[in-house]
Every structure is written in structure tokens, then in C-alpha cells.
Amino acid sequence: MSETTDQTVVETPEGAGKPDMIVLEGVEKIYPGSTQPAVSQLDMAIPQGEIVMLIGPSGCGKTTTLKMINRLIEPTAGRILLDGKDVTHVNGDQLRREIGYVIQQGGLFPHFSIADNIGVVPKMLGWDKQRIRQRADELLHLVGLEPSTFRDRYPRQLSGGQQQRVGVARALAADPPVMLMDEPFGAIDPITRDRLQDEFLDIQRTVGKTIAFVTHDLQEAVKLGDKIAVFATGRLEQYDSPDTVLTQPANDFVSDFVGGGAAVRRLSLLELAHLELHPVETDEKAAGSRNGTPVVEVDGSGKPVSWRHLPGGDAAGTAMVTVPISGTVYDAVDVMLDGCASLVAVVDEEGRAQGVLHWNDLVGGLRTRKGHA
Amino acid sequence: MSTATQGTVNTQAEASVEEVEGKQQSRLAALWMQHYDLVILPLIIVLVLGLLLLYVGSRDLDTIEERVLAADNVGGLLVQHIWLAAISTVLVLVIAVPLGIVLSRRGARRAQGPVLAIGGFAQALPPFGVLLLMAFWLNFGFWTAVIGLTLAALLPVLRNTVVGLQQVDQSLIEAARGMGMTSRQTLFRVEIPLAVPVIVAGLRVALVLNVGTATLASYIGAGGLGELVQQALRLNRINVLLVAGGVIAALALLIDWLAGVAERVVVARSG
């Protein structure tokens, strides 16, 4: 076994210089009985702690690529390095115990309780019962399920969204540095999916895993990915940040795949916290200063309830809509359209108005705050 | 750390003690609601046997009838009958389940068709004929009958084992392998447990089949309740024939009922 420890540091677009956790070198897969490779000559590096979204039409090789990383599918040629170690020929079962794996609908074992499902890998790794139990409780907490309620239930007693959370908890059980996710949120209703995605990002912020994530949903790829890898019939067409994939598609295939609506999708990449917002004043402070600043009326706890003054606008006839500052421009546009309002108050965690975003700002160019380029 | 856990465990235990009584009652109620249909068959069996006893008791039996219907004669044949059915079913279990598992493995899937066809052929043969032929080939007696019964009942279990393993959700197998279970661990911890309800259904069919077919074993001198029928016919005693028929039917129904209960327990366990 050639245990090469060459830490190849490929320059990422962000120039972060993080070591690559997963490296594919000239990886190829030709299925028996087929002449056309499912994946051909793939070179790809996933930096530590990043989420890379593998996307493309069906049969493009994204799932094959994912499954070659944990060798559920054996590559026909090429090398796979995990954390600098060549794992192309190590024992596949041992390897897979060190890699988290989440599939559609969780893939929970119906005859195992939730705690036992989470404990599958720790049990194989020989942890003692007490430790497995503690770990299961800890992880249920992490994914937002109350351990005392859920640990002894069976998968069929859980909703699809809850099952998927347990699926993520199970993959995290032995604290693997790398996670592979195969369309985990694919079969879940849009509202729940959205919430699961948010929770997933929250969890990722605390666990910082290196994640390869297969999806067919561009929206999901843009929302979750640090990078997006666009596949077409076994070839990697573009591998870049979501912003670059959307604004500068590498070729016709990618631009077709990204399709129309790229500009709208980009909005979900712009975080309100990073934008230069118009100032806003609350009623007590600005009783007399009726200049160019909008004034809001607030309730007892400082939450805006209506517009008192809008420069050049009808304050009484404009609906008060708010968006949390933790959201994106996409969310702001959403509430504006929903409330038929031409401007939106951006509020902080306590619900107090921090600034205002105008509809016109969207077409007039959004100004990014200094230091957040 | 451990004291804190101990504390929560204790409070949980106290809370659960209070809950237990109420829970037990509601659990019994739920069990009753789910399985009240299981009471019907034993009631019918008891009723039929009771009527039979009443009828035979009201008749004046001659000495021959009394001797044939004596508890030790009927009881002995009954026990022999149960042994015939039980041993052949255990043999079916021991042969057909492992064979079915082997046939569902990737390497042996090609052999599935031919083996299932042979099993179907064995089942299509009339058991009576098979028993007689086997008696000439081997010899007359208990073990020859056991072999014949075993052959006749192999197919349902073999087929259900193969089908039961086939219908296990592929994504679960993939999840198991993806988490690093070896193929053996996947088989024993995921595939077989999930196939058990189907396999048990096949075993139930085999058992009931064997209880019925064992009646024919008496023709090759293996005893069983068929012997009672033969005695009745030989002696031309209609009362004995009635009892023989009643006991055979009641036994078949009872065994099927027991197997049904076992099946439900297994299905409830495996979720």
C-alpha cells in the first residue's frame, strides 16, 4: 500500500489556502458492459471544511463520483486521496466507517430505534454502550430533536423531515471529517426542505466538515455550496464558487444548465448584513427631522409597526414589511413582493429597524459595505 | 458526570413507575383492539370439539369403539402426528432458509430460477404418491414419512426466503454498505431481519401443509392421526371416523392459529 502523504494545496479562487481534504486524480469509471465512461478523467480537489455541490442532469456522473469517494463504486482508474492519504486500495468497509454518508430520505433502518440507527457506526467501531447512548443524545440535540422524545422511537413514527435529520445525525455519529450526501433533501416538501437547509448550514458552522453533496436542484446548490461542480455526461464542466458559476458560466453547457433566472438566484448569495442600507429613524428621535430619512413608528418593544414618514412617498398607504438582517436580498425581495411594498425595513435580532432597502436599489446597484467585498 | 446521569435515570424511573399502571391498561386495550380476531378461531375449535365429545358421549359405544377411542390410543397417535409435522417443518426451516439466503447472494442469483423450478416440481407432486414411492425406495416408517413431508413443503419457505430478501429496500442496503457494514453484517443485521416476516409467512404455510399431509403418513406405517382414520374404516365404525375427522381438523386449525400468533409477534418485533 503506497501511503503517500503529499499535501497538494491547490490554489482556490478565494485563495484561502486550506489543505485539500478530498482529492480525485484522473479518476475514471467505466461500468462493465459499457464503452462510454460514466466518469472520465476527473481531477477535483475539495478543500477542508467546505461544502462542494455536485450538480448536473441525470446520468451525468455526479452520483458515481460521490460513491467513488467512499468506494461504494470502485474507480476503474485514477487515485483518490483523503486528507493526503491514498485510499484507492484500502479496505473499503473500514474506509466507509470514517466517512459520513447520508442518502435520500435518510435511509434509516426501520427495525432499529432512532438511537440504534445513530449508533450503527460507533457500534462497529467498538464504542461502549454508555458512550454510544450519550453520543446519540448529543446528536439528536444538534439536529433539533429532543432526545428523550425521539431516542426510543422507530423511523416510521417520524415525519420525512425528522427522518432526514436523524439521517444527518447518524452520518455525524463517529465524527468523521468527511461527509458524503446524496440528494438528502430531494424527497422533502419545499417548505421543510428550506428549513432543513438552513439547519444544515447552522450545523455545518459548528462541525465544519468537508462535504460533497449531490443535488439536482440549482437553488439548493447556490444556497448551500461553497463551490459548485457542474457535471455533464461524465465530465466536470465547471468547478467554481456559486457566484462565478452563475455570472460567468464556463461554456454553453453550463450557461444552458444554469439557464435563465441566474440573476435572481444570485440574490440569495447577497447577505443583507454585508450591504450598505439606507438609514432609518424611529419616531421619538426624529419627531421634527422630516428630511430624506424614512421614519418608522415603533411599538413598546421597539419593533416597527408602520411608516410615519417616507420621503417622496405615501407613508400611510405603504405596508410595513420587515426582513431579518441575517437574511439575504432574495428574502427581502420575497417579502416586498409578498407585501406589495416598494421598500422593506431590515431588522436586527430584537426586531429593531436597522436600515431600509428600496426596490430601486435592486436595479440601481447594491452597495456592499466596506470590509465585506 | 456519572452522578448526573444517574440522577436523570432515577427521576425517569420514578416517573415511569407512576405511568406504568395506566400504560399497562391502555396497552392491553390497544392489544385487544388490534388482535381481538385471534380469539374467534380457538372458540370455534373448542365449540366443535365440545359438540363432538357430547355426541360421542351420548352414544352407546361397543367395546371395539371404546378401545380405539381410549385416550391413550388417540393421544399417542396425536403426539406422533405432531412429531411428524414438527420434525419435517424444522427440517424445512434448516434446509430452505439457508438455501434461500445463498440463492439471493449476488454470485448465486443465476441458480435461483432452476432451484425454484425444482422446488415447484417437488411441490406439484402429489404427496401421497411421493410417500409411497419413497417407502419403496427407502423403507416403510416414520423417517421416510418425515423426508417426504420435508420435500413437499420446501418450496413455500424457499420461495418466501428469496422473495423476502429481494423486497428489502435497496437504499437500505446501500445505506448499510455506505456506513461501512461488511456484506455479512448487512445480511445479518439488515437484510435478514427485514425479510423475517415474509420468511415466517412461508414457514406457516409449510407447517400447515405438513400437519395436513402427515395424515397420509399412516399408509407407510409412520403412524399419526391417519392411523385413526384407517382403524375406523377397517372396523367400519362411523363414530370413530367422526372423532378422527374432528381431531384432525381441530389440530390443523390450532396449529395454523399458533403459527398466525407467532407470525404477528415476529412482525410486531421487526417493525
# chains A, B, ... in the order shown; residues from 1 in each chain; ligands from 1
$ residues_around --residues "Val229 in chain B" --least-positions-apart "2" --cutoff "12 Å" --atoms "only C-alpha atoms" --output "PyMOL selection string"
chain B and resi 68-69+74+77+215-219+223-227+231-248
$ residues_around --residues "Val190 in chain B" --least-positions-apart "3" --cutoff "10 Å" --atoms "only C-alpha atoms" --output "PyMOL selection string"
(chain A and resi 109-112) or (chain B and resi 165+168-169+172-173+176+181+184-187+193-195)
$ closest_atom_pairs --of "chain A" --to "chain B" --cutoff "10 Å" --atoms "only C-alpha atoms" --output "tab-separated table"
residue	atom	partner	partner_atom	distance
A:Lys67	CA	B:Gly178	CA	8.6
A:Asn70	CA	B:Gly178	CA	7.5
A:Arg71	CA	B:Gly178	CA	8.8
A:Leu72	CA	B:Gly178	CA	6.6
A:Asn91	CA	B:Gly180	CA	9.9
A:Gly92	CA	B:Gly180	CA	7.4
A:Asp93	CA	B:Gly180	CA	4.3
A:Gln94	CA	B:Gly180	CA	6.2
A:Leu95	CA	B:Gly180	CA	7.1
A:Arg96	CA	B:Gly180	CA	4.5
A:Arg97	CA	B:Gly180	CA	4.6
A:Glu98	CA	B:Gly180	CA	8.1
A:Ile99	CA	B:Met179	CA	7.4
A:Gly100	CA	B:Met179	CA	6.9
A:Tyr101	CA	B:Gly178	CA	6.1
A:Val102	CA	B:Ala175	CA	7.6
A:Ile103	CA	B:Ala175	CA	7.0
A:Gln104	CA	B:Ser171	CA	8.4
A:Gln105	CA	B:Ser171	CA	9.4
A:Gly106	CA	B:Ala175	CA	8.5
A:Gly107	CA	B:Leu172	CA	5.4
A:Leu108	CA	B:Leu172	CA	7.0
A:Phe109	CA	B:Leu172	CA	6.6
A:Pro110	CA	B:Gly271	CA	6.4
A:His111	CA	B:Ser270	CA	5.3
A:Phe112	CA	B:Gly271	CA	8.4
A:Ser113	CA	B:Gly271	CA	9.7
A:Val120	CA	B:Met179	CA	8.0
A:Val121	CA	B:Met179	CA	6.5
A:Met124	CA	B:Met181	CA	7.8
A:Leu125	CA	B:Gly180	CA	9.9
A:Gln134	CA	B:Thr5	CA	9.8
A:Ser148	CA	B:Gln12	CA	9.9
A:Tyr154	CA	B:Gly271	CA	7.9
A:Pro155	CA	B:Gly271	CA	9.4
A:Arg156	CA	B:Gly271	CA	8.5
A:Gly167	CA	B:Ala175	CA	9.9
A:Arg170	CA	B:Met179	CA	9.2
A:Ala171	CA	B:Met179	CA	7.8
A:Leu180	CA	B:Gly178	CA	9.4
$ residues_around --residues "range 250-259 of chain B" --least-positions-apart "2" --cutoff "9 Å" --atoms "only C-alpha atoms" --output "list of chain:residue names"
B:Leu38, B:Leu41, B:Pro42, B:Ile45, B:Val46, B:Val48, B:Leu49, B:Leu78, B:Ile82, B:Val200, B:Ala201, B:Leu203, B:Arg204, B:Val205, B:Leu207, B:Val208, B:Leu209, B:Val211, B:Gly212, B:Gly245, B:Gly246, B:Val247, B:Ile248, B:Val261, B:Ala262, B:Glu263, B:Arg264
$ atom_distance --atom1 "CA of Leu138 in chain B" --atom2 "CA of Gly100 in chain B"
27.4 Å
$ select_by_dssp --residues "range 86-235 of chain A" --states "strand (DSSP E)" --output "ChimeraX atom specification"
/A:86,99-102,178-182,210-215,227-232,235
$ closest_residue --among "B:Ile101, B:Leu93, B:Ala70, B:Ile147" --to "Gln166 in chain B" --atoms "only C-alpha atoms"
B:Ile101
$ residues_around --residues "Met320 in chain A" --least-positions-apart "4" --cutoff "7 Å" --atoms "only C-alpha atoms" --output "PyMOL selection string"
chain A and resi 305-307
$ write_last_selection --atoms "C-alpha atoms" --output "compact mmCIF listing (two decimals), in the first residue's frame"
# COMPACT_ATOMS: atom_id res chain seq x y z
CA VAL A 305 -45.32 48.73 13.17
CA SER A 306 -45.89 51.27 10.41
CA TRP A 307 -44.24 54.04 8.36
$ residues_around --residues "range 120-132 of chain B" --least-positions-apart "5" --cutoff "9 Å" --atoms "only C-alpha atoms" --output "ChimeraX atom specification"
/B:115,137,140,144-145,147-149,151-156,213,216-217,219-220
$ residues_around --residues "Val198 in chain B" --least-positions-apart "4" --cutoff "9 Å" --atoms "only C-alpha atoms" --output "JSON, numbers by chain"
{"B": [157, 160, 161, 163, 164, 165, 194, 202, 203, 267]}
$ write_last_selection --atoms "N, CA and C atoms" --output "PDB file, in the first residue's frame"
ATOM      1  N   VAL B 157     -41.192 -22.100   1.747  1.00  0.00           N
ATOM      2  CA  VAL B 157     -40.198 -21.419   2.579  1.00  0.00           C
ATOM      3  C   VAL B 157     -39.049 -20.906   1.718  1.00  0.00           C
ATOM      4  N   ASN B 160     -40.316 -17.901  -0.255  1.00  0.00           N
ATOM      5  CA  ASN B 160     -40.507 -16.729   0.583  1.00  0.00           C
ATOM      6  C   ASN B 160     -39.192 -16.157   1.097  1.00  0.00           C
ATOM      7  N   THR B 161     -38.206 -17.020   1.323  1.00  0.00           N
ATOM      8  CA  THR B 161     -36.906 -16.512   1.751  1.00  0.00           C
ATOM      9  C   THR B 161     -36.288 -15.668   0.641  1.00  0.00           C
ATOM     10  N   VAL B 163     -37.853 -14.239  -1.956  1.00  0.00           N
ATOM     11  CA  VAL B 163     -38.664 -13.035  -2.189  1.00  0.00           C
ATOM     12  C   VAL B 163     -38.497 -12.038  -1.046  1.00  0.00           C
ATOM     13  N   GLY B 164     -38.491 -12.558   0.182  1.00  0.00           N
ATOM     14  CA  GLY B 164     -38.349 -11.683   1.348  1.00  0.00           C
ATOM     15  C   GLY B 164     -37.054 -10.891   1.312  1.00  0.00           C
ATOM     16  N   LEU B 165     -35.981 -11.529   0.873  1.00  0.00           N
ATOM     17  CA  LEU B 165     -34.703 -10.826   0.790  1.00  0.00           C
ATOM     18  C   LEU B 165     -34.675  -9.866  -0.395  1.00  0.00           C
ATOM     19  N   LEU B 194     -35.186  -7.796   8.058  1.00  0.00           N
ATOM     20  CA  LEU B 194     -36.283  -7.183   7.316  1.00  0.00           C
ATOM     21  C   LEU B 194     -37.051  -8.212   6.488  1.00  0.00           C
ATOM     22  N   GLY B 202     -43.949 -17.939   5.049  1.00  0.00           N
ATOM     23  CA  GLY B 202     -43.690 -19.170   4.307  1.00  0.00           C
ATOM     24  C   GLY B 202     -43.645 -20.381   5.224  1.00  0.00           C
ATOM     25  N   LEU B 203     -43.019 -20.202   6.391  1.00  0.00           N
ATOM     26  CA  LEU B 203     -42.932 -21.297   7.363  1.00  0.00           C
ATOM     27  C   LEU B 203     -44.314 -21.712   7.849  1.00  0.00           C
ATOM     28  N   VAL B 267     -43.777 -10.037  13.301  1.00  0.00           N
ATOM     29  CA  VAL B 267     -43.977  -8.828  12.506  1.00  0.00           C
ATOM     30  C   VAL B 267     -43.945  -7.598  13.409  1.00  0.00           C
TER      31      VAL B 267
END
$ residues_around --residues "Pro147 in chain A" --least-positions-apart "3" --cutoff "10 Å" --atoms "only C-alpha atoms" --output "short mmCIF file (atom, residue, chain, number, x, y, z; two decimals) with N, CA and C atoms, in the first residue's frame"
data_model
loop_
_atom_site.label_atom_id
_atom_site.label_comp_id
_atom_site.auth_asym_id
_atom_site.auth_seq_id
_atom_site.Cartn_x
_atom_site.Cartn_y
_atom_site.Cartn_z
N ILE A 114 -34.38 4.97 16.86
CA ILE A 114 -33.61 6.13 16.40
C ILE A 114 -32.20 6.11 17.00
N ALA A 115 -32.12 5.83 18.30
CA ALA A 115 -30.80 5.81 18.95
C ALA A 115 -29.91 4.71 18.34
N GLN A 134 -24.77 8.36 24.86
CA GLN A 134 -24.51 9.79 25.06
C GLN A 134 -24.37 10.52 23.74
N ALA A 136 -25.60 9.65 20.84
CA ALA A 136 -26.88 9.73 20.16
C ALA A 136 -27.69 10.91 20.70
N ASP A 137 -27.72 11.06 22.02
CA ASP A 137 -28.46 12.17 22.62
C ASP A 137 -27.89 13.52 22.18
N GLU A 138 -26.57 13.59 22.20
CA GLU A 138 -25.88 14.80 21.81
C GLU A 138 -26.25 15.20 20.37
N LEU A 139 -26.25 14.20 19.49
CA LEU A 139 -26.52 14.48 18.08
C LEU A 139 -27.98 14.81 17.84
N LEU A 140 -28.87 14.14 18.59
CA LEU A 140 -30.29 14.47 18.44
C LEU A 140 -30.51 15.93 18.82
N HIS A 141 -29.84 16.35 19.88
CA HIS A 141 -29.89 17.76 20.28
C HIS A 141 -29.43 18.65 19.14
N LEU A 142 -28.29 18.27 18.56
CA LEU A 142 -27.68 19.08 17.50
C LEU A 142 -28.63 19.26 16.32
N GLY A 144 -31.79 19.20 16.46
CA GLY A 144 -33.05 19.81 16.88
C GLY A 144 -34.16 18.84 17.21
N PHE A 150 -37.36 11.26 21.25
CA PHE A 150 -37.12 10.58 19.98
C PHE A 150 -36.24 9.34 20.06
N ARG A 151 -35.39 9.24 21.10
CA ARG A 151 -34.36 8.20 21.01
C ARG A 151 -34.93 6.79 20.91
N ASP A 152 -36.08 6.54 21.55
CA ASP A 152 -36.61 5.19 21.54
C ASP A 152 -37.69 4.97 20.49
N ARG A 153 -37.95 5.97 19.68
CA ARG A 153 -38.95 5.78 18.63
C ARG A 153 -38.37 5.02 17.46
#
$ atom_distance --atom1 "CA of Ile46 in chain A" --atom2 "CA of Leu196 in chain A"
23.2 Å
$ atom_distance --atom1 "CA of Val346 in chain A" --atom2 "CA of Arg193 in chain A"
24.6 Å
$ decode --residues "range 118-235 of chain A" --atoms "C-alpha atoms" --output "mmCIF file, in the first residue's frame"
data_model
loop_
_atom_site.group_PDB
_atom_site.id
_atom_site.type_symbol
_atom_site.label_atom_id
_atom_site.label_comp_id
_atom_site.auth_asym_id
_atom_site.auth_seq_id
_atom_site.Cartn_x
_atom_site.Cartn_y
_atom_site.Cartn_z
ATOM 1 C CA ILE A 118 -27.449 6.721 15.104
ATOM 2 C CA GLY A 119 -25.265 4.195 16.914
ATOM 3 C CA VAL A 120 -24.623 1.951 13.907
ATOM 4 C CA VAL A 121 -21.137 3.211 13.083
ATOM 5 C CA PRO A 122 -19.988 3.810 16.701
ATOM 6 C CA LYS A 123 -21.063 0.242 17.489
ATOM 7 C CA MET A 124 -18.987 -1.102 14.606
ATOM 8 C CA LEU A 125 -16.060 0.971 15.853
ATOM 9 C CA GLY A 126 -16.416 -0.759 19.221
ATOM 10 C CA TRP A 127 -17.564 2.142 21.401
ATOM 11 C CA ASP A 128 -19.108 1.128 24.723
ATOM 12 C CA LYS A 129 -22.874 1.362 25.151
ATOM 13 C CA GLN A 130 -22.805 4.335 27.513
ATOM 14 C CA ARG A 131 -20.731 6.385 25.084
ATOM 15 C CA ILE A 132 -22.929 5.457 22.116
ATOM 16 C CA ARG A 133 -26.031 6.469 24.035
ATOM 17 C CA GLN A 134 -24.514 9.791 25.061
ATOM 18 C CA ARG A 135 -23.397 10.480 21.525
ATOM 19 C CA ALA A 136 -26.880 9.726 20.157
ATOM 20 C CA ASP A 137 -28.458 12.174 22.624
ATOM 21 C CA GLU A 138 -25.876 14.803 21.808
ATOM 22 C CA LEU A 139 -26.516 14.477 18.084
ATOM 23 C CA LEU A 140 -30.289 14.469 18.440
ATOM 24 C CA HIS A 141 -29.890 17.765 20.276
ATOM 25 C CA LEU A 142 -27.677 19.078 17.500
ATOM 26 C CA VAL A 143 -30.248 18.328 14.802
ATOM 27 C CA GLY A 144 -33.047 19.813 16.877
ATOM 28 C CA LEU A 145 -34.833 16.672 18.068
ATOM 29 C CA GLU A 146 -35.495 16.244 21.782
ATOM 30 C CA PRO A 147 -33.564 13.080 22.785
ATOM 31 C CA SER A 148 -35.997 11.934 25.482
ATOM 32 C CA THR A 149 -38.852 12.044 22.981
ATOM 33 C CA PHE A 150 -37.122 10.576 19.979
ATOM 34 C CA ARG A 151 -34.361 8.201 21.006
ATOM 35 C CA ASP A 152 -36.612 5.186 21.544
ATOM 36 C CA ARG A 153 -38.946 5.784 18.631
ATOM 37 C CA TYR A 154 -38.845 3.944 15.339
ATOM 38 C CA PRO A 155 -38.297 5.637 11.976
ATOM 39 C CA ARG A 156 -41.873 5.048 10.790
ATOM 40 C CA GLN A 157 -43.105 7.203 13.696
ATOM 41 C CA LEU A 158 -41.173 10.208 12.358
ATOM 42 C CA SER A 159 -42.014 12.646 9.566
ATOM 43 C CA GLY A 160 -39.849 12.801 6.456
ATOM 44 C CA GLY A 161 -38.055 15.894 7.700
ATOM 45 C CA GLN A 162 -37.376 14.348 11.100
ATOM 46 C CA GLN A 163 -36.090 11.171 9.473
ATOM 47 C CA GLN A 164 -33.727 13.221 7.359
ATOM 48 C CA ARG A 165 -32.414 14.988 10.462
ATOM 49 C CA VAL A 166 -31.735 11.633 12.063
ATOM 50 C CA GLY A 167 -30.005 10.637 8.814
ATOM 51 C CA VAL A 168 -27.653 13.598 9.208
ATOM 52 C CA ALA A 169 -27.139 12.801 12.905
ATOM 53 C CA ARG A 170 -26.295 9.210 12.012
ATOM 54 C CA ALA A 171 -23.696 10.326 9.493
ATOM 55 C CA LEU A 172 -22.108 12.572 12.125
ATOM 56 C CA ALA A 173 -22.090 9.839 14.781
ATOM 57 C CA ALA A 174 -18.429 8.895 14.707
ATOM 58 C CA ASP A 175 -17.414 12.494 13.973
ATOM 59 C CA PRO A 176 -15.986 11.783 10.513
ATOM 60 C CA PRO A 177 -14.015 14.612 8.914
ATOM 61 C CA VAL A 178 -15.708 13.987 5.568
ATOM 62 C CA MET A 179 -19.405 13.642 4.756
ATOM 63 C CA LEU A 180 -20.993 12.499 1.528
ATOM 64 C CA MET A 181 -24.595 13.454 0.913
ATOM 65 C CA ASP A 182 -26.623 12.005 -1.940
ATOM 66 C CA GLU A 183 -29.645 14.231 -2.572
ATOM 67 C CA PRO A 184 -30.538 14.149 1.125
ATOM 68 C CA PHE A 185 -33.335 16.690 0.841
ATOM 69 C CA GLY A 186 -34.597 15.518 -2.547
ATOM 70 C CA ALA A 187 -37.846 13.899 -1.448
ATOM 71 C CA ILE A 188 -38.920 16.512 1.078
ATOM 72 C CA ASP A 189 -41.583 19.175 0.623
ATOM 73 C CA PRO A 190 -40.226 22.632 -0.310
ATOM 74 C CA ILE A 191 -41.023 24.342 3.000
ATOM 75 C CA THR A 192 -39.430 21.652 5.141
ATOM 76 C CA ARG A 193 -36.531 21.419 2.712
ATOM 77 C CA ASP A 194 -35.839 25.100 3.104
ATOM 78 C CA ARG A 195 -35.787 24.779 6.877
ATOM 79 C CA LEU A 196 -33.597 21.689 6.765
ATOM 80 C CA GLN A 197 -31.145 23.516 4.520
ATOM 81 C CA ASP A 198 -30.938 26.395 7.000
ATOM 82 C CA GLU A 199 -30.416 23.986 9.882
ATOM 83 C CA PHE A 200 -27.850 22.089 7.867
ATOM 84 C CA LEU A 201 -25.851 25.285 7.322
ATOM 85 C CA ASP A 202 -26.109 26.047 11.051
ATOM 86 C CA ILE A 203 -24.814 22.596 11.903
ATOM 87 C CA GLN A 204 -22.024 22.894 9.363
ATOM 88 C CA ARG A 205 -20.963 26.152 11.015
ATOM 89 C CA THR A 206 -20.363 24.247 14.257
ATOM 90 C CA VAL A 207 -18.977 20.978 12.872
ATOM 91 C CA GLY A 208 -17.014 22.317 9.876
ATOM 92 C CA LYS A 209 -16.972 19.070 7.914
ATOM 93 C CA THR A 210 -15.684 18.635 4.393
ATOM 94 C CA ILE A 211 -18.803 17.799 2.446
ATOM 95 C CA ALA A 212 -19.515 16.528 -1.039
ATOM 96 C CA PHE A 213 -23.207 16.965 -1.739
ATOM 97 C CA VAL A 214 -25.078 15.682 -4.784
ATOM 98 C CA THR A 215 -28.156 17.620 -5.837
ATOM 99 C CA HIS A 216 -30.217 18.243 -8.945
ATOM 100 C CA ASP A 217 -31.581 21.494 -7.569
ATOM 101 C CA LEU A 218 -29.615 24.577 -8.624
ATOM 102 C CA GLN A 219 -31.297 26.679 -5.954
ATOM 103 C CA GLU A 220 -30.033 24.258 -3.323
ATOM 104 C CA ALA A 221 -26.560 24.215 -4.858
ATOM 105 C CA VAL A 222 -26.350 28.006 -4.775
ATOM 106 C CA LYS A 223 -27.679 28.205 -1.242
ATOM 107 C CA LEU A 224 -25.540 25.527 0.378
ATOM 108 C CA GLY A 225 -22.396 25.340 -1.696
ATOM 109 C CA ASP A 226 -19.058 26.978 -1.074
ATOM 110 C CA LYS A 227 -18.332 25.675 -4.539
ATOM 111 C CA ILE A 228 -20.392 24.114 -7.299
ATOM 112 C CA ALA A 229 -19.196 21.357 -9.611
ATOM 113 C CA VAL A 230 -21.289 21.167 -12.767
ATOM 114 C CA PHE A 231 -21.175 17.768 -14.483
ATOM 115 C CA ALA A 232 -22.177 16.744 -17.999
ATOM 116 C CA THR A 233 -22.025 13.129 -19.192
ATOM 117 C CA GLY A 234 -19.069 12.125 -17.103
ATOM 118 C CA ARG A 235 -17.114 15.334 -17.399
#
